[in-house]
$ cat input_20.cif   # mmCIF, C-alpha atoms and all ligand atoms
data_structure
loop_
_atom_site.group_PDB
_atom_site.id
_atom_site.type_symbol
_atom_site.label_atom_id
_atom_site.label_comp_id
_atom_site.auth_asym_id
_atom_site.auth_seq_id
_atom_site.Cartn_x
_atom_site.Cartn_y
_atom_site.Cartn_z
ATOM 1 C CA MET R 1452 -5.350 -57.559 5.559
ATOM 2 C CA SER R 1453 -5.001 -53.848 6.302
ATOM 3 C CA SER R 1454 -6.576 -51.260 3.999
ATOM 4 C CA PRO R 1455 -4.456 -48.913 1.881
ATOM 5 C CA PRO R 1456 -3.833 -45.555 3.591
ATOM 6 C CA SER R 1457 -5.990 -43.662 1.095
ATOM 7 C CA LYS R 1458 -9.043 -45.815 1.877
ATOM 8 C CA ARG R 1459 -8.510 -45.399 5.622
ATOM 9 C CA ARG R 1460 -8.578 -41.608 5.168
ATOM 10 C CA THR R 1461 -11.808 -41.815 3.196
ATOM 11 C CA ARG R 1462 -13.570 -43.849 5.856
ATOM 12 C CA ALA R 1463 -12.351 -41.582 8.671
ATOM 13 C CA SER R 1464 -13.530 -38.424 6.930
ATOM 14 C CA ALA R 1465 -16.928 -40.036 6.348
ATOM 15 C CA ALA R 1466 -17.355 -40.837 10.060
ATOM 16 C CA PRO R 1467 -20.226 -38.931 11.697
ATOM 17 C CA ARG R 1468 -19.229 -35.710 13.412
ATOM 18 C CA GLN R 1469 -19.776 -36.109 17.143
ATOM 19 C CA THR R 1470 -20.543 -33.232 19.469
ATOM 20 C CA ALA R 1471 -20.960 -32.535 23.170
ATOM 21 C CA ARG R 1472 -21.727 -29.458 25.205
ATOM 22 C CA ILE R 1473 -18.552 -28.017 26.730
ATOM 23 C CA GLY R 1474 -18.515 -24.742 28.634
ATOM 24 C CA GLY R 1475 -22.067 -23.933 27.577
ATOM 25 C CA ALA R 1476 -21.344 -24.334 23.847
ATOM 26 C CA ARG R 1477 -21.671 -27.364 21.607
ATOM 27 C CA ARG R 1478 -18.276 -28.438 20.312
ATOM 28 C CA ALA R 1479 -16.962 -31.246 18.181
ATOM 29 C CA ILE R 1480 -15.387 -34.154 20.042
ATOM 30 C CA PRO R 1481 -11.836 -34.711 18.766
ATOM 31 C CA ARG R 1482 -11.835 -37.588 16.284
ATOM 32 C CA ARG R 1483 -10.027 -40.632 17.512
ATOM 33 C CA LEU R 1484 -9.028 -43.259 14.994
ATOM 34 C CA GLU R 1485 -9.107 -46.216 17.287
ATOM 35 C CA SER R 1486 -9.640 -49.889 16.734
ATOM 36 C CA ALA R 1487 -12.413 -51.695 18.577
ATOM 37 C CA ALA R 1488 -9.793 -53.644 20.525
ATOM 38 C CA ALA R 1489 -7.992 -50.461 21.580
ATOM 39 C CA ARG R 1490 -11.263 -48.871 22.669
ATOM 40 C CA GLN R 1491 -12.121 -51.997 24.630
ATOM 41 C CA ALA R 1492 -8.765 -51.894 26.388
ATOM 42 C CA ARG R 1493 -9.195 -48.189 27.139
ATOM 43 C CA ALA R 1494 -12.665 -48.882 28.571
ATOM 44 C CA GLY R 1495 -11.121 -51.474 30.876
ATOM 45 C CA ARG R 1496 -8.595 -48.933 32.155
ATOM 46 C CA ILE R 1497 -11.319 -46.319 32.621
ATOM 47 C CA LEU R 1498 -13.432 -48.759 34.625
ATOM 48 C CA ALA R 1499 -10.465 -49.598 36.859
ATOM 49 C CA VAL R 1500 -9.834 -45.901 37.539
ATOM 50 C CA LEU R 1501 -13.515 -45.305 38.314
ATOM 51 C CA GLN R 1502 -13.520 -48.273 40.691
ATOM 52 C CA SER R 1503 -10.525 -46.942 42.551
ATOM 53 C CA HIS R 1504 -11.742 -43.318 42.729
ATOM 54 C CA TYR R 1505 -15.437 -43.925 43.349
ATOM 55 C CA PRO R 1506 -15.543 -47.258 45.227
ATOM 56 C CA ASP R 1507 -18.747 -46.293 47.058
ATOM 57 C CA ALA R 1508 -20.605 -44.852 44.084
ATOM 58 C CA HIS R 1509 -24.321 -45.247 44.660
ATOM 59 C CA CYS R 1510 -27.655 -43.732 43.746
ATOM 60 C CA ALA R 1511 -27.848 -40.178 45.124
ATOM 61 C CA LEU R 1512 -31.639 -40.209 45.352
ATOM 62 C CA ASN R 1513 -32.641 -40.891 48.958
ATOM 63 C CA HIS R 1514 -35.027 -43.837 49.241
ATOM 64 C CA ARG R 1515 -35.843 -46.853 51.409
ATOM 65 C CA THR R 1516 -37.951 -48.984 49.074
ATOM 66 C CA PRO R 1517 -38.230 -49.708 45.332
ATOM 67 C CA LEU R 1518 -41.457 -47.665 45.265
ATOM 68 C CA GLU R 1519 -39.697 -44.650 46.787
ATOM 69 C CA LEU R 1520 -36.843 -44.963 44.296
ATOM 70 C CA LEU R 1521 -39.304 -45.249 41.421
ATOM 71 C CA ALA R 1522 -41.127 -42.106 42.536
ATOM 72 C CA ALA R 1523 -37.884 -40.196 43.183
ATOM 73 C CA THR R 1524 -36.505 -41.152 39.776
ATOM 74 C CA ILE R 1525 -39.675 -39.929 38.061
ATOM 75 C CA LEU R 1526 -39.261 -36.618 39.916
ATOM 76 C CA SER R 1527 -35.586 -36.360 38.929
ATOM 77 C CA ALA R 1528 -36.353 -35.683 35.246
ATOM 78 C CA GLN R 1529 -34.990 -32.212 34.400
ATOM 79 C CA CYS R 1530 -34.188 -31.696 38.091
ATOM 80 C CA THR R 1531 -31.209 -32.179 40.378
ATOM 81 C CA ASP R 1532 -31.091 -35.086 42.814
ATOM 82 C CA GLN R 1533 -30.536 -32.596 45.656
ATOM 83 C CA ARG R 1534 -33.785 -30.817 44.841
ATOM 84 C CA VAL R 1535 -35.639 -34.143 44.678
ATOM 85 C CA ASN R 1536 -34.164 -35.124 48.052
ATOM 86 C CA LEU R 1537 -35.602 -31.957 49.574
ATOM 87 C CA VAL R 1538 -39.084 -32.887 48.410
ATOM 88 C CA THR R 1539 -39.240 -36.630 49.012
ATOM 89 C CA PRO R 1540 -39.255 -36.789 52.843
ATOM 90 C CA THR R 1541 -42.643 -35.041 52.958
ATOM 91 C CA LEU R 1542 -43.837 -36.854 49.824
ATOM 92 C CA PHE R 1543 -42.971 -40.284 51.179
ATOM 93 C CA SER R 1544 -44.544 -39.605 54.569
ATOM 94 C CA ARG R 1545 -47.789 -38.593 52.848
ATOM 95 C CA TYR R 1546 -47.817 -41.313 50.142
ATOM 96 C CA ARG R 1547 -46.590 -44.626 51.546
ATOM 97 C CA SER R 1548 -47.926 -47.122 49.024
ATOM 98 C CA ALA R 1549 -48.874 -47.501 45.383
ATOM 99 C CA ALA R 1550 -52.523 -47.181 46.472
ATOM 100 C CA ASP R 1551 -51.748 -43.845 48.141
ATOM 101 C CA PHE R 1552 -50.275 -42.509 44.879
ATOM 102 C CA ALA R 1553 -53.208 -43.923 42.897
ATOM 103 C CA ALA R 1554 -55.701 -42.104 45.124
ATOM 104 C CA ALA R 1555 -53.747 -38.847 45.343
ATOM 105 C CA ASP R 1556 -55.486 -35.527 44.888
ATOM 106 C CA PRO R 1557 -53.717 -34.009 41.858
ATOM 107 C CA ALA R 1558 -53.668 -30.453 43.225
ATOM 108 C CA GLU R 1559 -52.230 -31.552 46.571
ATOM 109 C CA LEU R 1560 -49.596 -33.728 44.919
ATOM 110 C CA GLU R 1561 -48.655 -30.987 42.453
ATOM 111 C CA GLU R 1562 -48.109 -28.544 45.293
ATOM 112 C CA LEU R 1563 -45.818 -30.987 47.100
ATOM 113 C CA ILE R 1564 -43.589 -31.561 44.080
ATOM 114 C CA ARG R 1565 -43.879 -28.104 42.482
ATOM 115 C CA SER R 1566 -40.220 -27.175 43.083
ATOM 116 C CA THR R 1567 -38.961 -30.128 40.991
ATOM 117 C CA GLY R 1568 -40.354 -28.535 37.809
ATOM 118 C CA PHE R 1569 -42.788 -29.962 35.261
ATOM 119 C CA PHE R 1570 -44.897 -30.695 38.335
ATOM 120 C CA ARG R 1571 -48.203 -31.242 36.530
ATOM 121 C CA ASN R 1572 -46.744 -33.905 34.241
ATOM 122 C CA LYS R 1573 -44.881 -35.499 37.120
ATOM 123 C CA ALA R 1574 -48.008 -35.582 39.298
ATOM 124 C CA ARG R 1575 -49.888 -37.252 36.447
ATOM 125 C CA SER R 1576 -47.081 -39.804 36.125
ATOM 126 C CA LEU R 1577 -47.002 -40.553 39.865
ATOM 127 C CA ILE R 1578 -50.770 -41.053 40.038
ATOM 128 C CA GLY R 1579 -50.741 -43.150 36.859
ATOM 129 C CA MET R 1580 -47.806 -45.163 38.207
ATOM 130 C CA GLY R 1581 -49.773 -45.914 41.393
ATOM 131 C CA ARG R 1582 -52.829 -46.978 39.407
ATOM 132 C CA VAL R 1583 -50.940 -49.321 37.090
ATOM 133 C CA LEU R 1584 -48.999 -50.806 40.016
ATOM 134 C CA CYS R 1585 -52.295 -51.514 41.820
ATOM 135 C CA ASP R 1586 -54.215 -52.707 38.753
ATOM 136 C CA GLU R 1587 -51.536 -54.899 37.178
ATOM 137 C CA PHE R 1588 -48.849 -55.696 39.721
ATOM 138 C CA GLY R 1589 -50.610 -56.116 43.052
ATOM 139 C CA GLY R 1590 -49.261 -52.809 44.317
ATOM 140 C CA ARG R 1591 -45.646 -53.941 44.016
ATOM 141 C CA VAL R 1592 -42.867 -52.576 41.805
ATOM 142 C CA PRO R 1593 -42.211 -55.134 39.035
ATOM 143 C CA GLN R 1594 -38.712 -56.447 38.426
ATOM 144 C CA THR R 1595 -38.481 -56.656 34.653
ATOM 145 C CA MET R 1596 -37.704 -54.007 32.060
ATOM 146 C CA ALA R 1597 -40.816 -54.790 30.004
ATOM 147 C CA GLU R 1598 -43.112 -54.451 33.011
ATOM 148 C CA LEU R 1599 -41.496 -51.264 34.297
ATOM 149 C CA LEU R 1600 -41.829 -49.651 30.880
ATOM 150 C CA ARG R 1601 -45.625 -50.081 31.191
ATOM 151 C CA LEU R 1602 -45.672 -47.494 33.987
ATOM 152 C CA PRO R 1603 -46.443 -43.844 33.123
ATOM 153 C CA GLY R 1604 -43.375 -41.624 33.348
ATOM 154 C CA VAL R 1605 -40.981 -44.566 33.179
ATOM 155 C CA ALA R 1606 -38.486 -44.920 30.307
ATOM 156 C CA ARG R 1607 -35.308 -46.991 30.119
ATOM 157 C CA LYS R 1608 -33.303 -44.588 32.289
ATOM 158 C CA THR R 1609 -35.727 -44.885 35.207
ATOM 159 C CA ALA R 1610 -36.230 -48.615 34.704
ATOM 160 C CA ASN R 1611 -32.462 -49.244 34.616
ATOM 161 C CA CYS R 1612 -32.014 -47.226 37.790
ATOM 162 C CA VAL R 1613 -34.712 -49.152 39.696
ATOM 163 C CA LEU R 1614 -33.665 -52.577 38.395
ATOM 164 C CA GLY R 1615 -29.972 -52.024 39.099
ATOM 165 C CA THR R 1616 -30.234 -50.148 42.399
ATOM 166 C CA SER R 1617 -33.222 -51.808 44.083
ATOM 167 C CA PHE R 1618 -33.118 -55.305 42.617
ATOM 168 C CA GLY R 1619 -29.465 -55.817 41.667
ATOM 169 C CA LYS R 1620 -30.476 -56.565 38.070
ATOM 170 C CA ALA R 1621 -28.245 -55.103 35.372
ATOM 171 C CA GLU R 1622 -30.472 -54.748 32.319
ATOM 172 C CA GLY R 1623 -28.710 -51.688 30.933
ATOM 173 C CA VAL R 1624 -26.776 -48.549 31.751
ATOM 174 C CA VAL R 1625 -28.499 -45.466 33.141
ATOM 175 C CA VAL R 1626 -27.759 -42.689 30.650
ATOM 176 C CA ASP R 1627 -28.555 -39.370 32.275
ATOM 177 C CA THR R 1628 -27.074 -35.990 31.390
ATOM 178 C CA HIS R 1629 -23.769 -36.747 33.168
ATOM 179 C CA VAL R 1630 -23.317 -40.199 31.653
ATOM 180 C CA GLY R 1631 -24.189 -38.959 28.175
ATOM 181 C CA ARG R 1632 -21.760 -36.049 28.381
ATOM 182 C CA ILE R 1633 -18.868 -38.076 29.793
ATOM 183 C CA ALA R 1634 -19.349 -41.011 27.430
ATOM 184 C CA MET R 1635 -19.028 -38.588 24.511
ATOM 185 C CA ARG R 1636 -16.036 -36.735 25.930
ATOM 186 C CA LEU R 1637 -14.279 -40.044 26.565
ATOM 187 C CA ALA R 1638 -15.169 -41.232 23.051
ATOM 188 C CA LEU R 1639 -16.849 -44.332 24.435
ATOM 189 C CA ALA R 1640 -19.949 -44.039 22.249
ATOM 190 C CA PRO R 1641 -18.759 -44.287 18.648
ATOM 191 C CA THR R 1642 -22.240 -44.764 17.166
ATOM 192 C CA ALA R 1643 -23.907 -41.861 18.983
ATOM 193 C CA ARG R 1644 -24.529 -38.531 17.278
ATOM 194 C CA ASP R 1645 -24.276 -36.432 20.432
ATOM 195 C CA ASP R 1646 -24.712 -36.549 24.207
ATOM 196 C CA LYS R 1647 -28.526 -36.592 23.857
ATOM 197 C CA ASP R 1648 -28.429 -39.800 21.803
ATOM 198 C CA ALA R 1649 -29.161 -41.904 24.886
ATOM 199 C CA VAL R 1650 -30.175 -45.130 23.156
ATOM 200 C CA ARG R 1651 -26.965 -45.412 21.125
ATOM 201 C CA ILE R 1652 -24.819 -44.288 24.063
ATOM 202 C CA GLU R 1653 -26.367 -46.993 26.241
ATOM 203 C CA ASN R 1654 -25.836 -49.666 23.602
ATOM 204 C CA ASP R 1655 -22.207 -48.625 23.089
ATOM 205 C CA LEU R 1656 -21.504 -48.650 26.836
ATOM 206 C CA MET R 1657 -23.181 -52.041 27.207
ATOM 207 C CA SER R 1658 -20.960 -53.482 24.501
ATOM 208 C CA LEU R 1659 -17.777 -51.995 26.000
ATOM 209 C CA PHE R 1660 -18.219 -52.777 29.694
ATOM 210 C CA PRO R 1661 -18.965 -56.083 31.446
ATOM 211 C CA ARG R 1662 -22.572 -56.545 32.508
ATOM 212 C CA ASP R 1663 -21.764 -56.823 36.197
ATOM 213 C CA SER R 1664 -20.252 -53.321 36.073
ATOM 214 C CA TRP R 1665 -23.212 -51.534 34.462
ATOM 215 C CA THR R 1666 -24.958 -50.362 37.641
ATOM 216 C CA PHE R 1667 -21.691 -49.219 39.229
ATOM 217 C CA LEU R 1668 -20.592 -47.569 35.980
ATOM 218 C CA SER R 1669 -23.691 -45.363 35.885
ATOM 219 C CA HIS R 1670 -23.306 -44.218 39.487
ATOM 220 C CA ALA R 1671 -19.534 -43.682 39.139
ATOM 221 C CA MET R 1672 -19.866 -41.648 35.922
ATOM 222 C CA ILE R 1673 -22.517 -39.503 37.602
ATOM 223 C CA ASP R 1674 -20.193 -38.955 40.592
ATOM 224 C CA HIS R 1675 -17.369 -38.105 38.188
ATOM 225 C CA GLY R 1676 -19.600 -35.629 36.364
ATOM 226 C CA ARG R 1677 -20.469 -33.897 39.618
ATOM 227 C CA SER R 1678 -16.963 -33.845 41.075
ATOM 228 C CA THR R 1679 -14.706 -33.363 38.052
ATOM 229 C CA CYS R 1680 -16.143 -33.531 34.540
ATOM 230 C CA SER R 1681 -18.819 -30.877 34.906
ATOM 231 C CA ALA R 1682 -20.778 -29.580 31.930
ATOM 232 C CA ARG R 1683 -19.423 -26.033 32.040
ATOM 233 C CA LYS R 1684 -15.949 -26.373 33.477
ATOM 234 C CA PRO R 1685 -14.403 -29.838 33.407
ATOM 235 C CA ALA R 1686 -11.344 -30.066 35.666
ATOM 236 C CA CYS R 1687 -9.153 -31.951 33.180
ATOM 237 C CA ASP R 1688 -5.959 -30.903 34.975
ATOM 238 C CA ARG R 1689 -6.804 -33.019 38.004
ATOM 239 C CA CYS R 1690 -8.886 -35.705 36.266
ATOM 240 C CA PRO R 1691 -7.765 -39.299 36.919
ATOM 241 C CA LEU R 1692 -9.088 -40.296 33.473
ATOM 242 C CA ARG R 1693 -7.044 -37.701 31.648
ATOM 243 C CA SER R 1694 -4.540 -40.102 30.085
ATOM 244 C CA ASP R 1695 -7.395 -42.053 28.473
ATOM 245 C CA CYS R 1696 -9.559 -39.079 27.496
ATOM 246 C CA PRO R 1697 -9.249 -37.732 23.937
ATOM 247 C CA SER R 1698 -11.080 -34.545 24.961
ATOM 248 C CA ALA R 1699 -8.657 -33.562 27.742
ATOM 249 C CA GLU R 1700 -6.255 -31.567 25.618
ATOM 250 C CA SER R 1701 -8.884 -29.726 23.604
ATOM 251 C CA ILE R 1702 -10.803 -28.689 26.713
ATOM 252 C CA THR R 1703 -7.762 -27.725 28.793
ATOM 253 C CA THR R 1704 -6.229 -25.499 26.145
ATOM 254 C CA ARG R 1705 -9.349 -23.490 25.318
HETATM 255 S S1 LIG R 1801 -10.067 -35.357 31.067
HETATM 256 FE FE1 LIG R 1801 -11.551 -33.655 31.161
HETATM 257 S S2 LIG R 1801 -13.101 -34.119 29.603
HETATM 258 FE FE2 LIG R 1801 -11.929 -36.009 29.986
HETATM 259 S S3 LIG R 1801 -13.137 -37.110 31.545
HETATM 260 FE FE3 LIG R 1801 -11.601 -35.901 32.624
HETATM 261 S S4 LIG R 1801 -12.598 -33.942 33.132
HETATM 262 FE FE4 LIG R 1801 -13.836 -34.973 31.553
#
$ encode --input "input_20.cif" --output "structure tokens" --more "lines below"
Ligand code: SF4
Amino acid sequence: MSSPPSKRRTRASAAPRQTARIGGARRAIPRRLESAAARQARAGRILAVLQSHYPDAHCALNHRTPLELLAATILSAQCTDQRVNLVTPTLFSRYRSAADFAAADPAELEELIRSTGFFRNKARSLIGMGRVLCDEFGGRVPQTMAELLRLPGVARKTANCVLGTSFGKAEGVVVDTHVGRIAMRLALAPTARDDKDAVRIENDLMSLFPRDSWTFLSHAMIDHGRSTCSARKPACDRCPLRSDCPSAESITTR
């Protein structure tokens, strides 16, 4: 039985105000009164468009092994993938195994990764990662979420990236700055407060998209963020998702 119109208005006005950064400022995402079924259908269309526009979407961090991807992902915090890719060739030639990271001289490692920012914390994480890998996992990168989360510097985003990209295991959706921003602009994260609310965004995306699409979805949304839906100047006019994006009109007309 449908609710009376007056009650529907009350519930809508009580819905949390959602925001995302657009053009350098934080703005409210246009409210979209949408049923769960309609949102699910829209998510299906969005996935189809992403599959057709970004068929080769993949992790942009250069790596050859799970250990290299783990290290690169730790370095990518608050840093662009391009910057990390400039640093990792030298890093990976100097540190080839978990034992190499475990035995690293902090000052030498810090100097190598200095340009990625937060280099002291990242060096600590890389050395700690190497030690835990050697002490608890025989020097190998583990393949479960619970085990990966035991490593210093590793949270769900990094663990999801390694599990999905290196091991083909979809345990969740990588929610980085691009994915968070685009999920909010597309109104695909109804429970999230804003684009920094990574846990709720991930849960909402996991409930909307089929599990076997999660790894692709992360990479494709990141590609879309870089090519079209940028933080400062989203190109809504030429966006293939425009017809299913409630933010398109508000951003284009500003
Ligand atoms: S229409 Fe605009 S805001 Fe929506 S996904 Fe495309 S570029 Fe981003």
$ closest_residue --input "input_20.cif" --among "R:Ala1606, R:Ala1494, R:Cys1585, R:Leu1542" --to "Ile1525 in chain R" --atoms "all atoms listed in the file"
R:Ala1606
$ closest_atom_pairs --input "input_20.cif" --of "chain R" --to "ligand LIG 1801 (chain R)" --cutoff "12 Å" --atoms "only C-alpha atoms and all ligand atoms" --output "CSV"
residue,atom,partner,partner_atom,distance
R:Ala1471,CA,R:LIG1801,S2,10.3
R:Arg1472,CA,R:LIG1801,S2,10.7
R:Ile1473,CA,R:LIG1801,S2,8.7
R:Gly1474,CA,R:LIG1801,S2,10.9
R:Ile1480,CA,R:LIG1801,S2,9.8
R:Pro1481,CA,R:LIG1801,S2,10.9
R:Ile1497,CA,R:LIG1801,S3,9.4
R:Val1500,CA,R:LIG1801,S3,11.1
R:Leu1501,CA,R:LIG1801,S3,10.6
R:His1629,CA,R:LIG1801,FE4,10.2
R:Val1630,CA,R:LIG1801,S3,10.6
R:Gly1631,CA,R:LIG1801,FE4,11.6
R:Arg1632,CA,R:LIG1801,FE4,8.6
R:Ile1633,CA,R:LIG1801,S3,6.1
R:Ala1634,CA,R:LIG1801,S3,8.4
R:Met1635,CA,R:LIG1801,S2,9.0
R:Arg1636,CA,R:LIG1801,S2,5.4
R:Leu1637,CA,R:LIG1801,FE2,5.8
R:Ala1638,CA,R:LIG1801,FE2,9.3
R:Leu1639,CA,R:LIG1801,S3,10.8
R:Ala1671,CA,R:LIG1801,S3,11.9
R:Met1672,CA,R:LIG1801,S3,9.2
R:Ile1673,CA,R:LIG1801,S3,11.4
R:Asp1674,CA,R:LIG1801,S3,11.6
R:His1675,CA,R:LIG1801,S3,7.9
R:Gly1676,CA,R:LIG1801,FE4,7.5
R:Arg1677,CA,R:LIG1801,S4,10.2
R:Ser1678,CA,R:LIG1801,S4,9.1
R:Thr1679,CA,R:LIG1801,S4,5.4
R:Cys1680,CA,R:LIG1801,S4,3.8
R:Ser1681,CA,R:LIG1801,S4,7.2
R:Ala1682,CA,R:LIG1801,FE4,8.8
R:Arg1683,CA,R:LIG1801,S4,10.5
R:Lys1684,CA,R:LIG1801,S4,8.3
R:Pro1685,CA,R:LIG1801,S4,4.5
R:Ala1686,CA,R:LIG1801,S4,4.8
R:Cys1687,CA,R:LIG1801,FE1,3.6
R:Asp1688,CA,R:LIG1801,S1,7.2
R:Arg1689,CA,R:LIG1801,S4,7.6
R:Cys1690,CA,R:LIG1801,FE3,4.5
R:Pro1691,CA,R:LIG1801,FE3,6.7
R:Leu1692,CA,R:LIG1801,FE3,5.1
R:Arg1693,CA,R:LIG1801,S1,3.9
R:Ser1694,CA,R:LIG1801,S1,7.4
R:Asp1695,CA,R:LIG1801,S1,7.7
R:Cys1696,CA,R:LIG1801,FE2,4.6
R:Pro1697,CA,R:LIG1801,FE2,6.8
R:Ser1698,CA,R:LIG1801,S2,5.1
R:Ala1699,CA,R:LIG1801,S1,4.0
R:Glu1700,CA,R:LIG1801,S1,7.7
R:Ser1701,CA,R:LIG1801,S2,8.5
R:Ile1702,CA,R:LIG1801,S2,6.6
R:Thr1703,CA,R:LIG1801,FE1,7.4
R:Thr1704,CA,R:LIG1801,FE1,11.0
R:Arg1705,CA,R:LIG1801,FE1,11.9
$ write_last_selection --input "input_20.cif" --atoms "C-alpha atoms" --output "CSV table (one decimal), in the frame of the given file"
chain,number,residue,atom,x,y,z
R,1471,ALA,CA,-21.0,-32.5,23.2
R,1472,ARG,CA,-21.7,-29.5,25.2
R,1473,ILE,CA,-18.6,-28.0,26.7
R,1474,GLY,CA,-18.5,-24.7,28.6
R,1480,ILE,CA,-15.4,-34.2,20.0
R,1481,PRO,CA,-11.8,-34.7,18.8
R,1497,ILE,CA,-11.3,-46.3,32.6
R,1500,VAL,CA,-9.8,-45.9,37.5
R,1501,LEU,CA,-13.5,-45.3,38.3
R,1629,HIS,CA,-23.8,-36.7,33.2
R,1630,VAL,CA,-23.3,-40.2,31.7
R,1631,GLY,CA,-24.2,-39.0,28.2
R,1632,ARG,CA,-21.8,-36.0,28.4
R,1633,ILE,CA,-18.9,-38.1,29.8
R,1634,ALA,CA,-19.3,-41.0,27.4
R,1635,MET,CA,-19.0,-38.6,24.5
R,1636,ARG,CA,-16.0,-36.7,25.9
R,1637,LEU,CA,-14.3,-40.0,26.6
R,1638,ALA,CA,-15.2,-41.2,23.1
R,1639,LEU,CA,-16.8,-44.3,24.4
R,1671,ALA,CA,-19.5,-43.7,39.1
R,1672,MET,CA,-19.9,-41.6,35.9
R,1673,ILE,CA,-22.5,-39.5,37.6
R,1674,ASP,CA,-20.2,-39.0,40.6
R,1675,HIS,CA,-17.4,-38.1,38.2
R,1676,GLY,CA,-19.6,-35.6,36.4
R,1677,ARG,CA,-20.5,-33.9,39.6
R,1678,SER,CA,-17.0,-33.8,41.1
R,1679,THR,CA,-14.7,-33.4,38.1
R,1680,CYS,CA,-16.1,-33.5,34.5
R,1681,SER,CA,-18.8,-30.9,34.9
R,1682,ALA,CA,-20.8,-29.6,31.9
R,1683,ARG,CA,-19.4,-26.0,32.0
R,1684,LYS,CA,-15.9,-26.4,33.5
R,1685,PRO,CA,-14.4,-29.8,33.4
R,1686,ALA,CA,-11.3,-30.1,35.7
R,1687,CYS,CA,-9.2,-32.0,33.2
R,1688,ASP,CA,-6.0,-30.9,35.0
R,1689,ARG,CA,-6.8,-33.0,38.0
R,1690,CYS,CA,-8.9,-35.7,36.3
R,1691,PRO,CA,-7.8,-39.3,36.9
R,1692,LEU,CA,-9.1,-40.3,33.5
R,1693,ARG,CA,-7.0,-37.7,31.6
R,1694,SER,CA,-4.5,-40.1,30.1
R,1695,ASP,CA,-7.4,-42.1,28.5
R,1696,CYS,CA,-9.6,-39.1,27.5
R,1697,PRO,CA,-9.2,-37.7,23.9
R,1698,SER,CA,-11.1,-34.5,25.0
R,1699,ALA,CA,-8.7,-33.6,27.7
R,1700,GLU,CA,-6.3,-31.6,25.6
R,1701,SER,CA,-8.9,-29.7,23.6
R,1702,ILE,CA,-10.8,-28.7,26.7
R,1703,THR,CA,-7.8,-27.7,28.8
R,1704,THR,CA,-6.2,-25.5,26.1
R,1705,ARG,CA,-9.3,-23.5,25.3
$ closest_residue --input "input_20.cif" --among "R:Ser1548, R:Leu1520, R:Val1650, R:Thr1616" --to "Arg1591 in chain R" --atoms "only C-alpha atoms"
R:Ser1548
$ atom_distance --input "input_20.cif" --atom1 "CA of Phe1570 in chain R" --atom2 "CA of Leu1614 in chain R"
24.6 Å
$ atom_distance --input "input_20.cif" --atom1 "CA of Leu1521 in chain R" --atom2 "CA of Ser1664 in chain R"
21.4 Å
$ residues_around --input "input_20.cif" --residues "Phe1660 in chain R" --least-positions-apart "4" --cutoff "10 Å" --atoms "all atoms listed in the file" --output "list in words"
Gln1491, Ala1494, Gly1495, Ile1497, Leu1498, Val1624, Asp1655, Leu1656, Ser1664, Trp1665 and Leu1668 of chain R
$ closest_residue --input "input_20.cif" --among "R:Arg1547, R:Arg1662, R:His1670, R:Lys1608" --to "Tyr1505 in chain R" --atoms "only C-alpha atoms"
R:His1670
$ closest_residue --input "input_20.cif" --among "R:Asn1654, R:Thr1524, R:Ser1503, R:Thr1666" --to "Phe1618 in chain R" --atoms "all atoms listed in the file"
R:Thr1666
$ atom_distance --input "input_20.cif" --atom1 "CA of Val1538 in chain R" --atom2 "CA of Leu1602 in chain R"
21.6 Å
$ residues_around --input "input_20.cif" --residues "Gly1581 in chain R" --least-positions-apart "4" --cutoff "7 Å" --atoms "only C-alpha atoms" --output "JSON, numbers by chain"
{"R": [1549, 1550, 1552, 1553, 1577, 1585]}
$ closest_residue --input "input_20.cif" --among "R:Ser1544, R:Thr1595, R:Ala1528, R:Thr1628" --to "Arg1515 in chain R" --atoms "all atoms listed in the file"
R:Ser1544
$ residues_around --input "input_20.cif" --residues "Val1613 in chain R" --least-positions-apart "4" --cutoff "10 Å" --atoms "all atoms listed in the file" --output "PyMOL selection string"
chain R and resi 1510+1516-1522+1524+1592-1596+1599+1607-1609+1617-1621+1625
$ closest_residue --input "input_20.cif" --among "R:Ser1486, R:Asn1572, R:Thr1642, R:Asn1611" --to "Pro1557 in chain R" --atoms "all atoms listed in the file"
R:Asn1572
$ resolve_selection --input "input_20.cif" --expression "the PyMOL selection byres (((chain R and resi 1533) around 12) and not hetatm)" --output "list in words"
Cys1510, Ala1511, Leu1512, Asn1513, Ala1523, Thr1524, Leu1526, Ser1527, Cys1530, Thr1531, Asp1532, Arg1534, Val1535, Asn1536, Leu1537, Val1538, Thr1539, Ser1566, Thr1567 and Arg1677 of chain R
$ decode --input "input_20.cif" --residues "range 1544-1549 of chain R" --atoms "N, CA and C atoms" --output "tab-separated table (two decimals), in the first residue's frame"
chain	number	residue	atom	x	y	z
R	1544	SER	N	63.40	-2.18	-7.87
R	1544	SER	CA	64.70	-2.79	-8.20
R	1544	SER	C	65.57	-2.89	-6.94
R	1545	ARG	N	65.32	-2.00	-5.98
R	1545	ARG	CA	66.11	-2.03	-4.74
R	1545	ARG	C	65.51	-3.00	-3.72
R	1546	TYR	N	64.19	-3.07	-3.65
R	1546	TYR	CA	63.50	-3.94	-2.67
R	1546	TYR	C	62.67	-4.96	-3.45
R	1547	ARG	N	63.16	-6.18	-3.52
R	1547	ARG	CA	62.54	-7.20	-4.38
R	1547	ARG	C	61.67	-8.19	-3.63
R	1548	SER	N	61.78	-8.20	-2.32
R	1548	SER	CA	61.03	-9.19	-1.54
R	1548	SER	C	60.52	-8.56	-0.25
R	1549	ALA	N	59.65	-9.30	0.43
R	1549	ALA	CA	59.17	-8.82	1.73
R	1549	ALA	C	60.33	-8.66	2.69
